[in-house]
$ cat input-v6.cif   # mmCIF, C-alpha atoms and all ligand atoms
data_upload
loop_
_atom_site.label_atom_id
_atom_site.label_comp_id
_atom_site.auth_asym_id
_atom_site.auth_seq_id
_atom_site.Cartn_x
_atom_site.Cartn_y
_atom_site.Cartn_z
CA MET Y 544 -249.44 -226.36 93.55
CA PRO Y 545 -245.89 -225.05 93.24
CA THR Y 546 -244.58 -224.81 89.69
CA GLU Y 547 -241.95 -227.46 88.97
CA PRO Y 548 -238.52 -225.71 89.07
CA LEU Y 549 -237.35 -226.65 85.58
CA SER Y 550 -240.60 -225.63 83.92
CA LEU Y 551 -240.54 -222.32 85.82
CA LEU Y 552 -236.96 -221.80 84.66
CA ARG Y 553 -238.02 -222.40 81.08
CA GLU Y 554 -240.91 -219.95 81.47
CA LEU Y 555 -238.65 -217.23 82.92
CA VAL Y 556 -235.94 -217.67 80.26
CA GLU Y 557 -238.54 -217.62 77.48
CA ILE Y 558 -239.75 -214.20 78.66
CA GLU Y 559 -236.97 -212.11 77.14
CA SER Y 560 -236.22 -209.27 79.54
CA PRO Y 561 -233.45 -206.89 78.50
CA THR Y 562 -233.26 -203.93 80.88
CA TYR Y 563 -236.03 -201.34 80.34
CA SER Y 564 -238.17 -203.70 78.20
CA THR Y 565 -241.76 -204.82 78.77
CA GLY Y 566 -240.36 -208.32 79.34
CA VAL Y 567 -238.93 -207.12 82.65
CA ARG Y 568 -242.47 -206.27 83.76
CA ARG Y 569 -243.66 -209.75 82.77
CA VAL Y 570 -240.85 -211.45 84.70
CA ALA Y 571 -241.65 -209.21 87.69
CA ALA Y 572 -245.32 -210.23 87.51
CA ARG Y 573 -244.41 -213.92 87.22
CA MET Y 574 -242.06 -213.68 90.22
CA ALA Y 575 -244.72 -211.76 92.15
CA ASP Y 576 -247.13 -214.70 91.56
CA GLU Y 577 -244.63 -217.20 92.90
CA LEU Y 578 -243.77 -215.05 95.92
CA THR Y 579 -247.47 -214.60 96.66
CA LYS Y 580 -247.93 -218.41 96.55
CA LEU Y 581 -245.13 -218.62 99.15
CA GLY Y 582 -247.10 -216.35 101.45
CA GLY Y 583 -245.42 -213.09 100.52
CA ASP Y 584 -246.99 -209.66 100.76
CA VAL Y 585 -245.86 -208.51 97.31
CA ARG Y 586 -245.78 -205.11 95.64
CA ILE Y 587 -244.52 -204.13 92.20
CA LEU Y 588 -243.08 -200.62 92.46
CA ASP Y 589 -242.66 -197.85 89.89
CA GLY Y 590 -239.91 -198.96 87.57
CA ASP Y 591 -241.05 -202.61 87.87
CA HIS Y 592 -238.98 -203.42 90.96
CA VAL Y 593 -240.50 -206.18 93.08
CA VAL Y 594 -240.57 -206.07 96.87
CA ALA Y 595 -242.05 -208.83 99.02
CA ASP Y 596 -242.30 -209.32 102.77
CA LEU Y 597 -242.60 -212.82 104.19
CA GLU Y 598 -243.33 -213.25 107.87
CA GLY Y 599 -240.94 -215.19 110.04
CA ARG Y 600 -238.69 -214.96 113.06
CA GLY Y 601 -236.64 -211.93 114.06
CA GLU Y 602 -235.27 -209.07 112.02
CA PRO Y 603 -235.78 -209.72 108.32
CA VAL Y 604 -233.04 -210.99 106.03
CA LEU Y 605 -232.92 -209.26 102.64
CA LEU Y 606 -232.81 -211.45 99.54
CA LEU Y 607 -231.54 -209.55 96.48
CA GLY Y 608 -231.99 -210.45 92.83
CA HIS Y 609 -232.82 -208.91 89.46
CA THR Y 610 -235.31 -209.55 86.69
CA ASP Y 611 -233.45 -207.97 83.75
CA THR Y 612 -230.83 -209.57 81.49
CA VAL Y 613 -228.20 -208.23 79.08
CA TRP Y 614 -229.76 -210.09 76.14
CA GLU Y 615 -231.69 -208.17 73.47
CA GLU Y 616 -235.17 -209.27 72.41
CA GLY Y 617 -234.94 -211.86 69.65
CA THR Y 618 -231.95 -213.68 71.16
CA LEU Y 619 -234.10 -216.76 71.81
CA ALA Y 620 -234.27 -217.36 68.06
CA THR Y 621 -230.56 -218.23 67.97
CA MET Y 622 -230.09 -219.21 71.62
CA PRO Y 623 -233.26 -221.08 72.61
CA PHE Y 624 -233.86 -222.54 76.04
CA ARG Y 625 -232.65 -226.14 76.00
CA VAL Y 626 -231.42 -228.81 78.40
CA GLU Y 627 -228.51 -230.93 77.18
CA ASP Y 628 -226.39 -233.33 79.21
CA GLY Y 629 -227.70 -231.90 82.46
CA LEU Y 630 -227.00 -228.28 81.49
CA ALA Y 631 -229.72 -225.71 80.84
CA PHE Y 632 -228.89 -223.09 78.21
CA GLY Y 633 -230.58 -219.84 77.21
CA PRO Y 634 -230.32 -216.06 77.50
CA GLY Y 635 -230.16 -215.04 81.15
CA VAL Y 636 -230.39 -218.63 82.43
CA PHE Y 637 -227.33 -218.12 84.69
CA ASP Y 638 -227.53 -214.36 85.25
CA MET Y 639 -229.93 -214.74 86.80
CA LYS Y 640 -233.12 -216.61 86.03
CA GLY Y 641 -231.73 -219.90 87.31
CA CYS Y 642 -230.76 -217.99 90.44
CA LEU Y 643 -234.32 -216.70 90.86
CA VAL Y 644 -235.51 -220.31 90.77
CA VAL Y 645 -232.95 -221.20 93.46
CA MET Y 646 -234.29 -218.35 95.60
CA LEU Y 647 -237.92 -219.50 95.30
CA GLU Y 648 -236.98 -223.14 95.98
CA ALA Y 649 -234.94 -222.07 99.01
CA ILE Y 650 -237.85 -220.12 100.49
CA ARG Y 651 -240.08 -223.14 99.89
CA ALA Y 652 -237.53 -225.54 101.40
CA ALA Y 653 -236.99 -223.37 104.47
CA GLY Y 654 -240.67 -223.85 105.40
CA ALA Y 655 -242.30 -221.81 108.15
CA ASP Y 656 -239.48 -222.09 110.68
CA ARG Y 657 -237.19 -219.45 109.26
CA ARG Y 658 -236.20 -215.82 109.47
CA ALA Y 659 -238.55 -213.06 108.37
CA LEU Y 660 -237.65 -212.23 104.77
CA ARG Y 661 -237.73 -209.24 102.51
CA VAL Y 662 -237.19 -209.92 98.82
CA PHE Y 663 -236.09 -207.15 96.47
CA LEU Y 664 -235.83 -207.77 92.73
CA THR Y 665 -234.23 -204.94 90.79
CA ALA Y 666 -235.53 -204.23 87.29
CA ASP Y 667 -232.38 -202.52 85.97
CA GLU Y 668 -229.44 -204.15 87.75
CA GLU Y 669 -227.59 -204.71 84.47
CA GLN Y 670 -227.64 -200.93 83.97
CA GLY Y 671 -226.28 -200.15 87.43
CA SER Y 672 -229.70 -200.21 89.20
CA ARG Y 673 -230.17 -196.57 88.30
CA THR Y 674 -233.90 -196.43 89.00
CA ALA Y 675 -233.78 -198.83 91.98
CA ARG Y 676 -231.56 -196.91 94.41
CA GLY Y 677 -234.18 -195.26 96.60
CA ALA Y 678 -236.48 -198.29 96.73
CA MET Y 679 -233.55 -200.59 97.51
CA ASP Y 680 -232.43 -198.35 100.37
CA ASP Y 681 -235.99 -198.52 101.75
CA ALA Y 682 -236.05 -202.31 101.41
CA ALA Y 683 -232.72 -202.57 103.23
CA ALA Y 684 -233.94 -200.57 106.24
CA GLY Y 685 -233.86 -202.68 109.41
CA VAL Y 686 -232.59 -205.91 107.84
CA ALA Y 687 -230.06 -208.07 109.68
CA ALA Y 688 -228.14 -209.13 106.57
CA ALA Y 689 -228.37 -209.23 102.79
CA LEU Y 690 -228.04 -212.44 100.80
CA VAL Y 691 -227.43 -211.79 97.10
CA VAL Y 692 -228.63 -214.54 94.82
CA GLU Y 693 -226.27 -213.61 91.96
CA PRO Y 694 -224.28 -216.35 90.20
CA PRO Y 695 -221.39 -217.76 92.24
CA THR Y 696 -217.94 -218.26 90.66
CA GLY Y 697 -217.58 -221.09 88.12
CA HIS Y 698 -216.92 -223.57 90.92
CA GLY Y 699 -219.88 -222.41 92.99
CA HIS Y 700 -217.84 -220.32 95.44
CA LEU Y 701 -219.32 -217.35 97.28
CA LYS Y 702 -218.36 -213.67 97.15
CA THR Y 703 -217.78 -211.33 100.07
CA ALA Y 704 -216.03 -208.56 98.12
CA ARG Y 705 -216.67 -206.86 94.81
CA LYS Y 706 -214.92 -204.02 93.11
CA GLY Y 707 -216.45 -200.58 92.85
CA VAL Y 708 -216.96 -199.42 89.28
CA GLY Y 709 -216.71 -195.96 87.76
CA ARG Y 710 -217.07 -194.61 84.25
CA PHE Y 711 -215.17 -191.46 83.34
CA HIS Y 712 -214.78 -189.29 80.25
CA VAL Y 713 -211.62 -187.32 79.43
CA ALA Y 714 -212.04 -184.54 76.86
CA ILE Y 715 -208.99 -182.73 75.47
CA THR Y 716 -209.09 -179.46 73.60
CA GLY Y 717 -206.11 -178.43 71.49
CA ARG Y 718 -205.39 -175.77 68.87
CA PRO Y 719 -205.91 -176.64 65.20
CA ALA Y 720 -203.29 -175.76 62.56
CA HIS Y 721 -202.15 -176.81 59.08
CA ALA Y 722 -200.02 -179.93 59.53
CA GLY Y 723 -197.67 -178.85 56.72
CA THR Y 724 -197.27 -175.09 56.78
CA SER Y 725 -197.90 -174.14 60.42
CA LEU Y 726 -197.48 -177.23 62.58
CA ILE Y 727 -195.70 -175.16 65.19
CA ASP Y 728 -198.80 -172.99 65.77
CA GLY Y 729 -200.91 -176.02 66.67
CA ALA Y 730 -201.36 -177.97 69.88
CA SER Y 731 -202.46 -181.54 69.20
CA ALA Y 732 -205.28 -182.91 71.29
CA VAL Y 733 -204.53 -186.37 69.86
CA GLU Y 734 -200.90 -186.25 70.99
CA GLU Y 735 -201.98 -185.03 74.43
CA LEU Y 736 -204.50 -187.87 74.65
CA ALA Y 737 -201.70 -190.35 73.86
CA HIS Y 738 -199.75 -189.05 76.89
CA GLN Y 739 -202.84 -189.27 79.07
CA ILE Y 740 -203.69 -192.83 78.00
CA ILE Y 741 -200.24 -194.07 79.02
CA HIS Y 742 -200.55 -192.21 82.32
CA LEU Y 743 -204.06 -193.53 82.99
CA HIS Y 744 -203.10 -197.14 82.34
CA GLU Y 745 -200.17 -196.74 84.70
CA LEU Y 746 -202.65 -196.04 87.51
CA THR Y 747 -203.56 -199.74 87.44
CA ASP Y 748 -202.31 -201.43 90.61
CA HIS Y 749 -203.15 -205.13 90.68
CA GLU Y 750 -201.97 -205.58 94.24
CA ARG Y 751 -204.25 -202.84 95.53
CA GLY Y 752 -207.12 -203.92 93.31
CA ILE Y 753 -207.14 -200.81 91.14
CA SER Y 754 -207.73 -201.06 87.40
CA VAL Y 755 -208.01 -198.31 84.80
CA ASN Y 756 -208.92 -199.19 81.24
CA VAL Y 757 -209.27 -196.64 78.43
CA GLY Y 758 -211.77 -198.53 76.33
CA VAL Y 759 -212.85 -195.96 73.73
CA VAL Y 760 -210.98 -193.10 72.04
CA HIS Y 761 -211.94 -190.55 69.43
CA GLY Y 762 -210.04 -187.58 68.05
CA GLY Y 763 -209.09 -185.36 65.16
CA THR Y 764 -210.79 -184.59 61.89
CA ARG Y 765 -208.28 -185.00 59.05
CA GLU Y 766 -204.72 -186.24 58.61
CA ASN Y 767 -203.45 -182.80 57.60
CA VAL Y 768 -204.98 -180.92 60.52
CA VAL Y 769 -203.43 -180.73 64.00
CA ALA Y 770 -206.23 -182.19 66.10
CA ALA Y 771 -208.34 -179.65 67.96
CA TYR Y 772 -210.21 -182.26 69.98
CA ALA Y 773 -209.80 -185.79 71.32
CA ASP Y 774 -211.54 -187.76 73.99
CA ALA Y 775 -211.51 -191.08 75.81
CA ARG Y 776 -213.91 -193.16 77.88
CA LEU Y 777 -212.55 -195.19 80.73
CA ASP Y 778 -213.65 -197.90 83.13
CA VAL Y 779 -212.15 -197.57 86.61
CA ARG Y 780 -212.39 -200.23 89.34
CA VAL Y 781 -211.26 -200.19 92.97
CA SER Y 782 -211.32 -202.76 95.77
CA HIS Y 783 -211.16 -200.24 98.61
CA ARG Y 784 -213.44 -197.42 99.53
CA ALA Y 785 -210.39 -195.32 100.45
CA ASP Y 786 -209.26 -195.39 96.82
CA LEU Y 787 -212.56 -194.05 95.47
CA GLU Y 788 -212.04 -190.44 96.44
CA ARG Y 789 -208.28 -190.48 95.95
CA LEU Y 790 -208.56 -191.79 92.39
CA GLU Y 791 -211.42 -189.48 91.48
CA ARG Y 792 -209.45 -186.49 92.76
CA HIS Y 793 -206.50 -187.59 90.68
CA LEU Y 794 -208.62 -188.00 87.54
CA ARG Y 795 -210.27 -184.62 87.94
CA GLY Y 796 -206.86 -183.03 88.44
CA LEU Y 797 -205.21 -184.41 85.28
CA GLN Y 798 -202.75 -181.86 83.87
CA PRO Y 799 -201.82 -181.52 80.19
CA THR Y 800 -198.21 -182.10 79.14
CA ILE Y 801 -198.47 -180.15 75.88
CA GLN Y 802 -198.76 -176.40 76.08
CA GLY Y 803 -201.92 -175.09 74.47
CA THR Y 804 -204.05 -178.10 75.32
CA SER Y 805 -206.55 -178.41 78.14
CA ILE Y 806 -208.31 -181.32 79.82
CA GLU Y 807 -211.82 -181.71 81.16
CA VAL Y 808 -212.92 -184.79 83.10
CA ASP Y 809 -216.38 -185.91 84.07
CA GLY Y 810 -217.99 -189.14 85.16
CA GLU Y 811 -219.03 -190.96 88.29
CA TRP Y 812 -218.94 -194.17 90.28
CA SER Y 813 -221.89 -196.39 89.45
CA ARG Y 814 -221.21 -198.65 92.45
CA PRO Y 815 -218.94 -198.32 95.47
CA PRO Y 816 -216.72 -201.32 96.31
CA LEU Y 817 -218.09 -204.08 98.51
CA GLU Y 818 -215.43 -204.78 101.10
CA ARG Y 819 -215.08 -207.74 103.45
CA THR Y 820 -216.30 -206.95 106.96
CA PRO Y 821 -216.58 -208.94 110.20
CA GLY Y 822 -220.29 -209.23 109.34
CA SER Y 823 -219.65 -210.73 105.91
CA ASP Y 824 -217.01 -213.06 107.38
CA ARG Y 825 -219.60 -214.34 109.84
CA LEU Y 826 -222.15 -214.92 107.04
CA PHE Y 827 -219.58 -216.78 104.99
CA ALA Y 828 -218.52 -218.95 107.94
CA ARG Y 829 -222.15 -219.99 108.44
CA ALA Y 830 -222.62 -220.70 104.74
CA ARG Y 831 -219.44 -222.75 104.73
CA GLU Y 832 -220.70 -224.87 107.65
CA ILE Y 833 -224.09 -225.43 106.05
CA GLY Y 834 -222.37 -226.20 102.75
CA ARG Y 835 -220.11 -228.76 104.40
CA GLU Y 836 -223.17 -230.63 105.70
CA LEU Y 837 -224.39 -230.72 102.09
CA GLY Y 838 -221.07 -231.98 100.76
CA LEU Y 839 -219.95 -228.60 99.38
CA ASP Y 840 -216.48 -227.16 99.95
CA LEU Y 841 -217.31 -223.46 99.66
CA LYS Y 842 -214.62 -220.84 99.40
CA GLU Y 843 -214.72 -217.10 99.90
CA THR Y 844 -213.83 -215.08 96.79
CA SER Y 845 -213.96 -211.55 95.44
CA SER Y 846 -215.24 -210.36 92.08
CA GLY Y 847 -214.12 -207.66 89.65
CA GLY Y 848 -217.73 -206.92 88.76
CA GLY Y 849 -220.33 -205.08 90.82
CA SER Y 850 -223.81 -206.14 91.97
CA ASP Y 851 -226.58 -204.76 94.14
CA GLY Y 852 -224.54 -206.19 97.02
CA ASN Y 853 -222.18 -203.22 96.57
CA LEU Y 854 -225.05 -200.76 97.10
CA VAL Y 855 -226.47 -202.50 100.17
CA GLY Y 856 -223.01 -203.11 101.63
CA ALA Y 857 -222.37 -199.38 101.45
CA LEU Y 858 -225.26 -198.95 103.93
CA GLY Y 859 -223.27 -200.95 106.50
CA ILE Y 860 -225.28 -204.15 106.09
CA PRO Y 861 -223.40 -207.50 106.11
CA VAL Y 862 -223.55 -208.98 102.59
CA LEU Y 863 -222.97 -212.48 101.25
CA ASP Y 864 -223.10 -212.74 97.46
CA GLY Y 865 -223.01 -215.53 94.88
CA LEU Y 866 -225.76 -217.68 96.41
CA GLY Y 867 -227.44 -218.43 93.07
CA ALA Y 868 -227.31 -221.33 90.62
CA VAL Y 869 -224.06 -223.00 89.57
CA GLY Y 870 -223.13 -222.43 85.95
CA LYS Y 871 -220.93 -220.55 83.55
CA GLY Y 872 -220.89 -217.98 80.79
CA ALA Y 873 -222.82 -215.02 82.24
CA HIS Y 874 -223.33 -212.48 79.41
CA ALA Y 875 -221.79 -215.01 76.95
CA HIS Y 876 -223.25 -217.22 74.23
CA ASP Y 877 -222.59 -220.47 76.11
CA GLU Y 878 -224.42 -219.22 79.22
CA HIS Y 879 -225.74 -222.23 81.16
CA ILE Y 880 -226.50 -223.68 84.57
CA ARG Y 881 -226.11 -227.15 86.04
CA VAL Y 882 -229.60 -228.51 86.52
CA ASP Y 883 -228.48 -231.20 89.01
CA ALA Y 884 -227.00 -228.49 91.29
CA LEU Y 885 -230.28 -226.55 91.64
CA PRO Y 886 -231.55 -228.55 94.66
CA VAL Y 887 -228.30 -228.36 96.65
CA ARG Y 888 -228.00 -224.61 96.06
CA ALA Y 889 -231.60 -224.20 97.23
CA ARG Y 890 -230.81 -226.21 100.38
CA LEU Y 891 -227.71 -224.10 101.04
CA LEU Y 892 -229.72 -220.89 100.86
CA ALA Y 893 -232.56 -222.45 102.85
CA GLY Y 894 -230.06 -223.32 105.59
CA LEU Y 895 -229.08 -219.68 105.85
CA LEU Y 896 -232.72 -218.58 105.93
CA GLN Y 897 -233.34 -220.94 108.85
CA ASP Y 898 -230.28 -219.72 110.78
CA PRO Y 899 -231.36 -217.79 113.88
CA GLY Y 900 -227.89 -216.25 114.24
CA LEU Y 901 -227.63 -214.39 110.93
ZN ZN M 1 -226.66 -210.55 87.69
#
$ encode --input "input-v6.cif" --output "structure tokens"
Amino acid sequence: MPTEPLSLLRELVEIESPTYSTGVRRVAARMADELTKLGGDVRILDGDHVVADLEGRGEPVLLLGHTDTVWEEGTLATMPFRVEDGLAFGPGVFDMKGCLVVMLEAIRAAGADRRALRVFLTADEEQGSRTARGAMDDAAAGVAAALVVEPPTGHGHLKTARKGVGRFHVAITGRPAHAGTSLIDGASAVEELAHQIIHLHELTDHERGISVNVGVVHGGTRENVVAAYADARLDVRVSHRADLERLERHLRGLQPTIQGTSIEVDGEWSRPPLERTPGSDRLFARAREIGRELGLDLKETSSGGGSDGNLVGALGIPVLDGLGAVGKGAHAHDEHIRVDALPVRARLLAGLLQDPGL
């Protein structure tokens, strides 16, 4: 007997699963059960990633999801699972336990006459899928396309592009001196950092899809000492692969404006950008057609945030993202999904799984 979708949703939400917690393992095991019931050949890998193969026609289609959430253990006490006015609330209900339910219901609805499937559920997606990279690459080998069951936009629209995300650290060394008697002998790392922050924020180019945000700064020791050290942490996002290298080169080449200070930069890209391709256009066009038959007017959008779609897209595989449950408030206290939209989202995904042309 299949588990009723809403009761499975409740079960999954009530297993709290912040990244790298034992809850992630329990969600993985629960999902493995459901995938086994659907005929899947399921393995739970080191690091609690789930991979399942389901027989069907043609080259497999990859279904991507994740079992972790951003919510700490104990959140349920103040944010319990509840259904009110057709909305289901709770930690991780939108990102992405409701989406996992959509995926299972879609596989069930697609029946036997569908594409071969490979399901990959990442255990640490909310931390950049650090431990999943190798296994995900293996799972993506030989697939025709990847369908990412992440939340859609607030209106249920799909995503064919996502920004690439990098985290960088800028450390500035100056020369300390007495701020009263020998100011002229000093070189202020704090002042230099001020110059660099202005410069870094000016790298933002909305039209090109580049954003640079200095989110954290530290520096100095006392008011009466010229600061010997200051540093900043920044979040960098790009829409185009071509900007990755160019921007990184620029960051690593930052030059001080104040004599006597020096700059050191480190950091890396956690995900490359997911760019629109003819392959993703084709997937979207099919989804739009299937959606129209279901009364949905689906649009193609891009997102400022990354997902596992970025990683698989970088392998040259066509990616369509945002195929999960409709809702709002991912990572926020009012996180919820629309319960009445679960069946139509499952039918949308099922339609894609049955499509011989994907
Ligand atoms: Zn997610």
$ closest_residue --input "input-v6.cif" --among "Y:Leu647, Y:Ser846, Y:Gly617, Y:Ala666" --to "Arg568 (chain Y)" --atoms "only C-alpha atoms"
Y:Ala666
$ atom_distance --input "input-v6.cif" --atom1 "CA of Leu630 (chain Y)" --atom2 "CA of Leu866 (chain Y)"
18.3 Å
$ residues_around --input "input-v6.cif" --residues "Arg819 (chain Y)" --least-positions-apart "4" --cutoff "7 Å" --atoms "all atoms listed in the file" --output "PyMOL selection string"
chain Y and resi 703-704+823-824
$ residues_near_ligand --input "input-v6.cif" --ligand "ligand ZN 1 (chain M)" --cutoff "6 Å" --atoms "all atoms listed in the file" --output "VMD selection string"
chain Y and resid 638 to 639 693
$ write_last_selection --input "input-v6.cif" --atoms "C-alpha atoms" --output "PDB file, keeping the file's coordinate frame"
ATOM      1  CA  ASP Y 638    -227.530-214.360  85.250  1.00  0.00           C
ATOM      2  CA  MET Y 639    -229.930-214.740  86.800  1.00  0.00           C
ATOM      3  CA  GLU Y 693    -226.270-213.610  91.960  1.00  0.00           C
TER       4      GLU Y 693
END
$ closest_residue --input "input-v6.cif" --among "Y:Lys580, Y:Arg586, Y:His592, Y:Arg829" --to "Val567 (chain Y)" --atoms "all atoms listed in the file"
Y:His592
$ closest_residue --input "input-v6.cif" --among "Y:Ala688, Y:Glu734, Y:Arg784, Y:Leu892" --to "His761 (chain Y)" --atoms "all atoms listed in the file"
Y:Glu734
$ residues_around --input "input-v6.cif" --residues "Leu619 (chain Y)" --least-positions-apart "5" --cutoff "9 Å" --atoms "all atoms listed in the file" --output "PyMOL selection string"
chain Y and resi 556-557+559+624+633-634
$ closest_residue --input "input-v6.cif" --among "Y:Asp680, Y:Pro694, Y:Glu648, Y:Trp812" --to "His874 (chain Y)" --atoms "all atoms listed in the file"
Y:Pro694
$ closest_residue --input "input-v6.cif" --among "Y:Ile715, Y:Leu736, Y:Gly763, Y:Gly900" --to "Arg825 (chain Y)" --atoms "only C-alpha atoms"
Y:Gly900
$ closest_residue --input "input-v6.cif" --among "Y:Ala575, Y:Val613, Y:Ala857, Y:Ala828" --to "Ser560 (chain Y)" --atoms "all atoms listed in the file"
Y:Val613
$ residues_near_point --input "input-v6.cif" --point "(-233.2, -227.3, 105.0)" --cutoff "6 Å" --atoms "only C-alpha atoms" --output "PDB file with C-alpha atoms, in the coordinates of the input"
ATOM      1  CA  ALA Y 652    -237.530-225.540 101.400  1.00  0.00           C
ATOM      2  CA  ALA Y 653    -236.990-223.370 104.470  1.00  0.00           C
ATOM      3  CA  ARG Y 890    -230.810-226.210 100.380  1.00  0.00           C
ATOM      4  CA  ALA Y 893    -232.560-222.450 102.850  1.00  0.00           C
ATOM      5  CA  GLY Y 894    -230.060-223.320 105.590  1.00  0.00           C
TER       6      GLY Y 894
END
$ atom_distance --input "input-v6.cif" --atom1 "CA of Gly590 (chain Y)" --atom2 "CA of Gly566 (chain Y)"
12.5 Å
$ decode --input "input-v6.cif" --residues "region 708-769 of chain Y" --atoms "C-alpha atoms" --output "PDB file, in the first residue's frame"
ATOM      1  CA  VAL Y 708      28.040  31.207  -6.252  1.00  0.00           C
ATOM      2  CA  GLY Y 709      31.465  31.881  -4.781  1.00  0.00           C
ATOM      3  CA  ARG Y 710      32.691  32.737  -1.311  1.00  0.00           C
ATOM      4  CA  PHE Y 711      35.884  34.754  -0.999  1.00  0.00           C
ATOM      5  CA  HIS Y 712      37.988  36.145   1.847  1.00  0.00           C
ATOM      6  CA  VAL Y 713      40.046  39.338   1.585  1.00  0.00           C
ATOM      7  CA  ALA Y 714      42.737  39.767   4.254  1.00  0.00           C
ATOM      8  CA  ILE Y 715      44.620  43.062   4.565  1.00  0.00           C
ATOM      9  CA  THR Y 716      47.835  43.546   6.484  1.00  0.00           C
ATOM     10  CA  GLY Y 717      48.915  47.048   7.461  1.00  0.00           C
ATOM     11  CA  ARG Y 718      51.525  48.565   9.765  1.00  0.00           C
ATOM     12  CA  PRO Y 719      50.529  49.391  13.353  1.00  0.00           C
ATOM     13  CA  ALA Y 720      51.437  52.734  14.941  1.00  0.00           C
ATOM     14  CA  HIS Y 721      50.335  55.053  17.761  1.00  0.00           C
ATOM     15  CA  ALA Y 722      47.311  56.968  16.473  1.00  0.00           C
ATOM     16  CA  GLY Y 723      48.399  60.125  18.332  1.00  0.00           C
ATOM     17  CA  THR Y 724      52.172  60.380  18.282  1.00  0.00           C
ATOM     18  CA  SER Y 725      53.205  58.490  15.137  1.00  0.00           C
ATOM     19  CA  LEU Y 726      50.194  58.211  12.840  1.00  0.00           C
ATOM     20  CA  ILE Y 727      52.408  58.916   9.858  1.00  0.00           C
ATOM     21  CA  ASP Y 728      54.467  55.745  10.481  1.00  0.00           C
ATOM     22  CA  GLY Y 729      51.391  53.538  10.253  1.00  0.00           C
ATOM     23  CA  ALA Y 730      49.517  52.041   7.328  1.00  0.00           C
ATOM     24  CA  SER Y 731      45.890  51.348   8.207  1.00  0.00           C
ATOM     25  CA  ALA Y 732      44.467  48.006   7.178  1.00  0.00           C
ATOM     26  CA  VAL Y 733      40.999  49.299   8.117  1.00  0.00           C
ATOM     27  CA  GLU Y 734      41.296  52.304   5.793  1.00  0.00           C
ATOM     28  CA  GLU Y 735      42.562  50.054   3.002  1.00  0.00           C
ATOM     29  CA  LEU Y 736      39.636  47.696   3.558  1.00  0.00           C
ATOM     30  CA  ALA Y 737      37.248  50.658   3.221  1.00  0.00           C
ATOM     31  CA  HIS Y 738      38.706  51.389  -0.240  1.00  0.00           C
ATOM     32  CA  GLN Y 739      38.429  47.737  -1.217  1.00  0.00           C
ATOM     33  CA  ILE Y 740      34.809  47.405  -0.055  1.00  0.00           C
ATOM     34  CA  ILE Y 741      33.739  50.311  -2.268  1.00  0.00           C
ATOM     35  CA  HIS Y 742      35.679  48.824  -5.172  1.00  0.00           C
ATOM     36  CA  LEU Y 743      34.243  45.338  -4.629  1.00  0.00           C
ATOM     37  CA  HIS Y 744      30.651  46.549  -4.505  1.00  0.00           C
ATOM     38  CA  GLU Y 745      31.234  48.459  -7.722  1.00  0.00           C
ATOM     39  CA  LEU Y 746      31.919  45.138  -9.453  1.00  0.00           C
ATOM     40  CA  THR Y 747      28.180  44.405  -9.222  1.00  0.00           C
ATOM     41  CA  ASP Y 748      26.635  44.514 -12.698  1.00  0.00           C
ATOM     42  CA  HIS Y 749      22.910  43.792 -12.615  1.00  0.00           C
ATOM     43  CA  GLU Y 750      22.609  43.664 -16.372  1.00  0.00           C
ATOM     44  CA  ARG Y 751      25.294  41.005 -16.681  1.00  0.00           C
ATOM     45  CA  GLY Y 752      24.038  39.128 -13.640  1.00  0.00           C
ATOM     46  CA  ILE Y 753      27.081  39.788 -11.476  1.00  0.00           C
ATOM     47  CA  SER Y 754      26.701  40.550  -7.779  1.00  0.00           C
ATOM     48  CA  VAL Y 755      29.365  41.125  -5.140  1.00  0.00           C
ATOM     49  CA  ASN Y 756      28.354  41.543  -1.520  1.00  0.00           C
ATOM     50  CA  VAL Y 757      30.802  42.134   1.328  1.00  0.00           C
ATOM     51  CA  GLY Y 758      28.762  40.575   4.095  1.00  0.00           C
ATOM     52  CA  VAL Y 759      31.208  40.408   7.008  1.00  0.00           C
ATOM     53  CA  VAL Y 760      34.093  42.673   8.058  1.00  0.00           C
ATOM     54  CA  HIS Y 761      36.528  42.625  10.939  1.00  0.00           C
ATOM     55  CA  GLY Y 762      39.525  44.809  11.681  1.00  0.00           C
ATOM     56  CA  GLY Y 763      41.696  46.647  14.148  1.00  0.00           C
ATOM     57  CA  THR Y 764      42.310  46.183  17.835  1.00  0.00           C
ATOM     58  CA  ARG Y 765      41.919  49.539  19.599  1.00  0.00           C
ATOM     59  CA  GLU Y 766      40.804  53.059  18.724  1.00  0.00           C
ATOM     60  CA  ASN Y 767      44.259  54.512  19.364  1.00  0.00           C
ATOM     61  CA  VAL Y 768      46.160  52.003  17.239  1.00  0.00           C
ATOM     62  CA  VAL Y 769      46.507  52.233  13.445  1.00  0.00           C
TER      63      VAL Y 769
END
